[in-house]
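Peer 1: Please find query-v3.tsv (TSV, C-alpha atoms) on the next line:
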chain	number	residue	atom	x	y	z
A	279	MET	CA	-28.66	26.04	-40.89
A	280	GLY	CA	-29.95	22.60	-41.57
A	281	ALA	CA	-27.38	22.03	-44.35
A	282	LEU	CA	-24.48	23.12	-42.11
A	283	ASP	CA	-25.58	20.75	-39.33
A	284	TYR	CA	-25.84	17.92	-41.86
A	285	LEU	CA	-22.33	18.58	-43.23
A	286	SER	CA	-20.82	19.02	-39.76
A	287	ASN	CA	-21.78	15.43	-38.93
A	288	PHE	CA	-19.37	14.23	-41.63
A	289	CYS	CA	-16.52	16.44	-40.39
A	290	THR	CA	-16.64	15.54	-36.70
A	291	VAL	CA	-14.31	12.94	-35.32
A	292	THR	CA	-15.38	10.66	-32.51
A	293	SER	CA	-13.43	11.10	-29.29
A	294	THR	CA	-12.72	7.37	-28.92
A	295	SER	CA	-10.68	7.13	-32.09
A	296	ILE	CA	-8.30	9.97	-31.22
A	297	ARG	CA	-7.91	9.86	-27.44
A	298	THR	CA	-6.97	6.82	-25.48
A	299	LYS	CA	-7.60	6.68	-21.78
A	300	ARG	CA	-4.45	7.62	-19.93
A	301	LYS	CA	-3.47	5.67	-16.85
A	302	PRO	CA	-3.47	7.64	-13.60
A	303	MET	CA	-0.21	8.70	-11.96
A	304	GLN	CA	0.54	6.23	-9.19
A	305	THR	CA	3.27	4.72	-7.08
A	306	VAL	CA	3.78	0.95	-7.06
A	307	GLU	CA	5.80	-0.73	-4.32
A	308	ILE	CA	7.02	-4.28	-4.90
A	309	LYS	CA	8.91	-6.65	-2.64
A	310	VAL	CA	11.82	-8.27	-4.55
A	311	LYS	CA	14.73	-10.12	-2.99
A	312	MET	CA	17.97	-8.88	-4.56
A	313	ASP	CA	21.30	-10.34	-3.51
A	314	CYS	CA	23.84	-8.51	-5.66
A	315	ASP	CA	24.44	-5.48	-7.88
A	316	GLY	CA	23.56	-7.55	-10.96
A	317	CYS	CA	20.09	-8.38	-9.61
A	318	GLU	CA	19.50	-4.76	-8.75
A	319	ARG	CA	20.65	-3.59	-12.19
A	320	ARG	CA	18.45	-6.14	-14.04
A	321	VAL	CA	15.36	-5.14	-12.07
A	322	ARG	CA	16.05	-1.41	-12.51
A	323	ASN	CA	16.62	-1.73	-16.27
A	324	ALA	CA	13.53	-3.90	-16.78
A	325	VAL	CA	11.25	-1.46	-14.96
A	326	THR	CA	12.81	1.69	-16.43
A	327	SER	CA	12.12	0.46	-19.95
A	328	LEU	CA	8.35	0.33	-19.32
A	329	LYS	CA	6.30	3.03	-21.00
A	330	GLY	CA	5.08	5.73	-18.61
A	331	VAL	CA	7.66	5.20	-15.85
A	332	LYS	CA	8.83	8.49	-14.33
A	333	SER	CA	11.09	7.30	-11.52
A	334	VAL	CA	12.47	4.05	-10.10
A	335	GLU	CA	13.93	3.63	-6.61
A	336	VAL	CA	15.58	0.35	-5.65
A	337	GLU	CA	16.25	-0.32	-1.96
A	338	ARG	CA	18.21	-3.55	-1.84
A	339	MET	CA	18.52	-3.68	1.97
A	340	LYS	CA	14.73	-3.52	2.36
A	341	SER	CA	14.11	-5.71	-0.74
A	342	ARG	CA	11.83	-3.04	-2.16
A	343	VAL	CA	11.34	-1.41	-5.56
A	344	ILE	CA	9.30	1.81	-5.82
A	345	VAL	CA	8.05	2.76	-9.29
A	346	SER	CA	6.25	6.05	-9.96
A	347	GLY	CA	4.54	7.00	-13.18
A	348	TYR	CA	1.62	6.35	-15.48
A	349	VAL	CA	1.88	2.57	-15.23
A	350	ASP	CA	-0.28	-0.46	-14.58
A	351	PRO	CA	0.82	-2.17	-11.31
A	352	ASN	CA	0.26	-5.65	-12.72
A	353	LYS	CA	2.50	-4.91	-15.73
A	354	VAL	CA	5.27	-3.70	-13.43
A	355	LEU	CA	5.03	-6.87	-11.35
A	356	LYS	CA	4.99	-9.03	-14.48
A	357	ARG	CA	8.08	-7.25	-15.87
A	358	ILE	CA	9.99	-7.79	-12.62
A	359	LYS	CA	9.01	-11.46	-12.58
A	360	SER	CA	10.31	-11.80	-16.15
A	361	THR	CA	13.82	-10.99	-14.88
A	362	GLY	CA	13.83	-14.25	-12.94
A	363	LYS	CA	12.48	-12.87	-9.66
A	364	THR	CA	9.45	-15.17	-9.53
A	365	ARG	CA	8.77	-14.53	-5.83
A	366	ALA	CA	8.20	-10.81	-6.38
A	367	LYS	CA	4.94	-9.52	-4.94
A	368	PHE	CA	3.28	-6.26	-4.02
A	369	TRP	CA	4.70	-4.62	-0.88
A	370	PRO	CA	2.73	-6.13	2.05
A	371	TYR	CA	4.16	-3.95	4.84
A	372	VAL	CA	3.33	-0.60	6.45
A	373	GLU	CA	5.43	1.50	8.79
A	374	GLN	CA	5.16	0.43	12.40
A	375	HIS	CA	4.27	3.85	13.80
A	376	LEU	CA	1.19	4.04	11.54
A	377	VAL	CA	-0.37	0.92	13.03
A	378	TYR	CA	-2.70	1.00	16.04
A	379	TYR	CA	-1.45	-2.28	17.53
A	380	PRO	CA	1.67	-3.60	15.72
A	381	TYR	CA	1.94	-6.87	17.67
A	382	ALA	CA	-1.54	-8.19	16.84
A	383	THR	CA	-1.78	-11.72	15.55
A	384	GLY	CA	-0.47	-11.83	11.99
A	385	ALA	CA	0.90	-8.29	11.98
A	386	TYR	CA	4.37	-8.96	13.36
A	387	ASP	CA	6.59	-10.61	10.77
A	388	ARG	CA	10.25	-11.47	11.39
A	389	LYS	CA	10.96	-11.21	7.66
A	390	ALA	CA	9.78	-7.60	7.56
A	391	PRO	CA	12.42	-4.87	7.31
A	392	SER	CA	13.23	-2.91	10.44
A	393	GLY	CA	10.42	-0.54	11.40
A	394	TYR	CA	7.75	-2.30	9.28
A	395	VAL	CA	4.91	-4.70	10.10
A	396	ARG	CA	2.53	-6.68	7.89
A	397	ASN	CA	-0.56	-4.80	6.72
A	398	VAL	CA	-3.44	-6.73	8.35
A	399	VAL	CA	-6.68	-5.80	10.06
A	400	GLN	CA	-5.62	-4.79	13.54
A	401	ALA	CA	-7.08	-6.06	16.81
A	402	PHE	CA	-9.29	-3.56	18.58
A	403	PRO	CA	-10.94	-3.88	21.99
A	404	ALA	CA	-14.44	-5.30	21.92
A	405	ALA	CA	-17.24	-2.76	21.75
A	406	PRO	CA	-19.67	-2.74	24.68
A	407	SER	CA	-23.08	-4.29	24.11
A	408	SER	CA	-26.16	-2.07	23.84
A	409	ASN	CA	-27.58	-3.24	27.25
A	410	ASP	CA	-24.51	-2.29	29.25
A	411	ALA	CA	-23.42	1.15	30.22
A	412	PRO	CA	-20.76	2.68	27.96
A	413	ALA	CA	-17.23	1.44	28.62
A	414	GLU	CA	-16.06	4.85	29.82
A	415	GLU	CA	-18.60	4.89	32.64
A	416	ASN	CA	-17.55	1.41	33.73
A	417	PHE	CA	-13.92	2.48	34.08
A	418	VAL	CA	-14.83	5.71	35.88
A	419	SER	CA	-17.04	3.94	38.42
A	420	LEU	CA	-14.24	1.59	39.49
A	421	PHE	CA	-12.48	4.31	41.46
A	422	SER	CA	-13.91	6.90	43.81
A	423	ASP	CA	-12.51	10.38	44.39
A	424	ASP	CA	-14.17	10.54	47.82
A	425	ASN	CA	-12.34	7.51	49.20
A	426	VAL	CA	-9.05	6.98	47.41
A	427	TYR	CA	-8.32	3.75	49.29
A	428	ALA	CA	-11.56	2.10	48.22
A	429	CYS	CA	-11.25	0.25	44.94
A	430	SER	CA	-14.00	-1.91	43.52
A	431	ILE	CA	-11.46	-4.11	41.72
A	432	MET	CA	-10.23	-5.62	45.00
Write out the structure in this file as structure tokens.
Peer 2:
Amino acid sequence: MGALDYLSNFCTVTSTSIRTKRKPMQTVEIKVKMDCDGCERRVRNAVTSLKGVKSVEVERMKSRVIVSGYVDPNKVLKRIKSTGKTRAKFWPYVEQHLVYYPYATGAYDRKAPSGYVRNVVQAFPAAPSSNDAPAEENFVSLFSDDNVYACSIM
């Protein structure tokens, strides 16, 4: 068996020479301002010609391009910028109903499409300090069920 093991070392092929690492399937959303059918066509053709692209959706009214496939997001953005759309950038918005507080500072953007807000860290109420009673107890103790006309806020 020693001779077979020795000869098998010459016949094996390393995995790095045959297989290349395949990019994961992902969806890339890019904000691109398109004014006419020609702009839309140029962007669609440029992205469709990339290797690994499975589908391309162009939404001109929302200024958004959605590319799905085995692609690198930076290459997609670079290809779109090569068409003359130098202000193209990754999609910075999320749907408004997915956000906890959509009118927080920096979240509301007038340039955003209808139903979308900017994706920023949202404002949350301050957490109570460790010395104080929990916030729920503070709110409960403000009102009394025994005397409905007595309110500690007044």
Peer 1: Pick out the closest residue to Lys340 (chain A) from this set: A:Val321, A:Val399, A:Ile308, A:Val377. Count all atoms listed in the file.
Peer 2: A:Ile308
Peer 1: Hey, what's within 10 Å of region 346-357 of chain A if we count all atoms listed in the file and toss same-chain stuff fewer than 5 positions away? As a ChimeraX atom specification, please?
Peer 2: /A:300-310,321,324-335,362-364,366-368
Peer 1: Limited to C-alpha atoms, could you put the picked residues into a file as a tab-separated table (two decimals), in the coordinates of the input?
Peer 2:
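File result-v2.tsv, as written:
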chain	number	residue	atom	x	y	z
A	300	ARG	CA	-4.45	7.62	-19.93
A	301	LYS	CA	-3.47	5.67	-16.85
A	302	PRO	CA	-3.47	7.64	-13.60
A	303	MET	CA	-0.21	8.70	-11.96
A	304	GLN	CA	0.54	6.23	-9.19
A	305	THR	CA	3.27	4.72	-7.08
A	306	VAL	CA	3.78	0.95	-7.06
A	307	GLU	CA	5.80	-0.73	-4.32
A	308	ILE	CA	7.02	-4.28	-4.90
A	309	LYS	CA	8.91	-6.65	-2.64
A	310	VAL	CA	11.82	-8.27	-4.55
A	321	VAL	CA	15.36	-5.14	-12.07
A	324	ALA	CA	13.53	-3.90	-16.78
A	325	VAL	CA	11.25	-1.46	-14.96
A	326	THR	CA	12.81	1.69	-16.43
A	327	SER	CA	12.12	0.46	-19.95
A	328	LEU	CA	8.35	0.33	-19.32
A	329	LYS	CA	6.30	3.03	-21.00
A	330	GLY	CA	5.08	5.73	-18.61
A	331	VAL	CA	7.66	5.20	-15.85
A	332	LYS	CA	8.83	8.49	-14.33
A	333	SER	CA	11.09	7.30	-11.52
A	334	VAL	CA	12.47	4.05	-10.10
A	335	GLU	CA	13.93	3.63	-6.61
A	362	GLY	CA	13.83	-14.25	-12.94
A	363	LYS	CA	12.48	-12.87	-9.66
A	364	THR	CA	9.45	-15.17	-9.53
A	366	ALA	CA	8.20	-10.81	-6.38
A	367	LYS	CA	4.94	-9.52	-4.94
A	368	PHE	CA	3.28	-6.26	-4.02
Peer 1: Suppose you want the space between CA of Arg320 (chain A) and CA of Pro391 (chain A); what is it in Å?
Peer 2: 22.2 Å
Peer 1: Which residues come within 12 Å of Gly393 (chain A), counting only C-alpha atoms, excluding same-chain residues fewer than 3 positions away, as an NGL selection string?
Peer 2: :A and (340 or 371-377 or 380 or 386-390 or 396)
Peer 1: Any chance you could work out the axis-aligned box around region 305-322 of chain A, listed atoms only, 5 Å on each side, giving centre and edge lengths in Å to one decimal, as JSON?
Peer 2:
{"center_x": 13.9, "center_y": -2.8, "center_z": -8.3, "size_x": 31.2, "size_y": 25.1, "size_z": 21.4}
Peer 1: I need the residue nearest Ile358 (chain A) from this list: A:Tyr394, A:Ala385, A:Arg319, A:Met339. Use all atoms listed in the file for the distance.
Peer 2: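 For Ile358 (chain A), the nearest of the candidates is A:Arg319.
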Peer 1: Could you state the separation of CA of Val336 (chain A) and CA of Tyr381 (chain A) in Å, given to one decimal place?
Peer 2: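 Between CA of Val336 (chain A) and CA of Tyr381 (chain A) the gap is 28.0 Å.
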Peer 1: From the set A:Lys311, A:Tyr378, A:Val345, A:Glu318, which residue has the shortest atom-to-atom contact distance to Arg365 (chain A), counting only C-alpha atoms?
Peer 2: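 Checking each of A:Lys311, A:Tyr378, A:Val345, A:Glu318 against Arg365 (chain A), counting only C-alpha atoms, the winner is A:Lys311.
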Peer 1: Report, in Å with one decimal, the straight-line distance from CA of Arg342 (chain A) to CA of Lys299 (chain A).
Peer 2: 29.3 Å
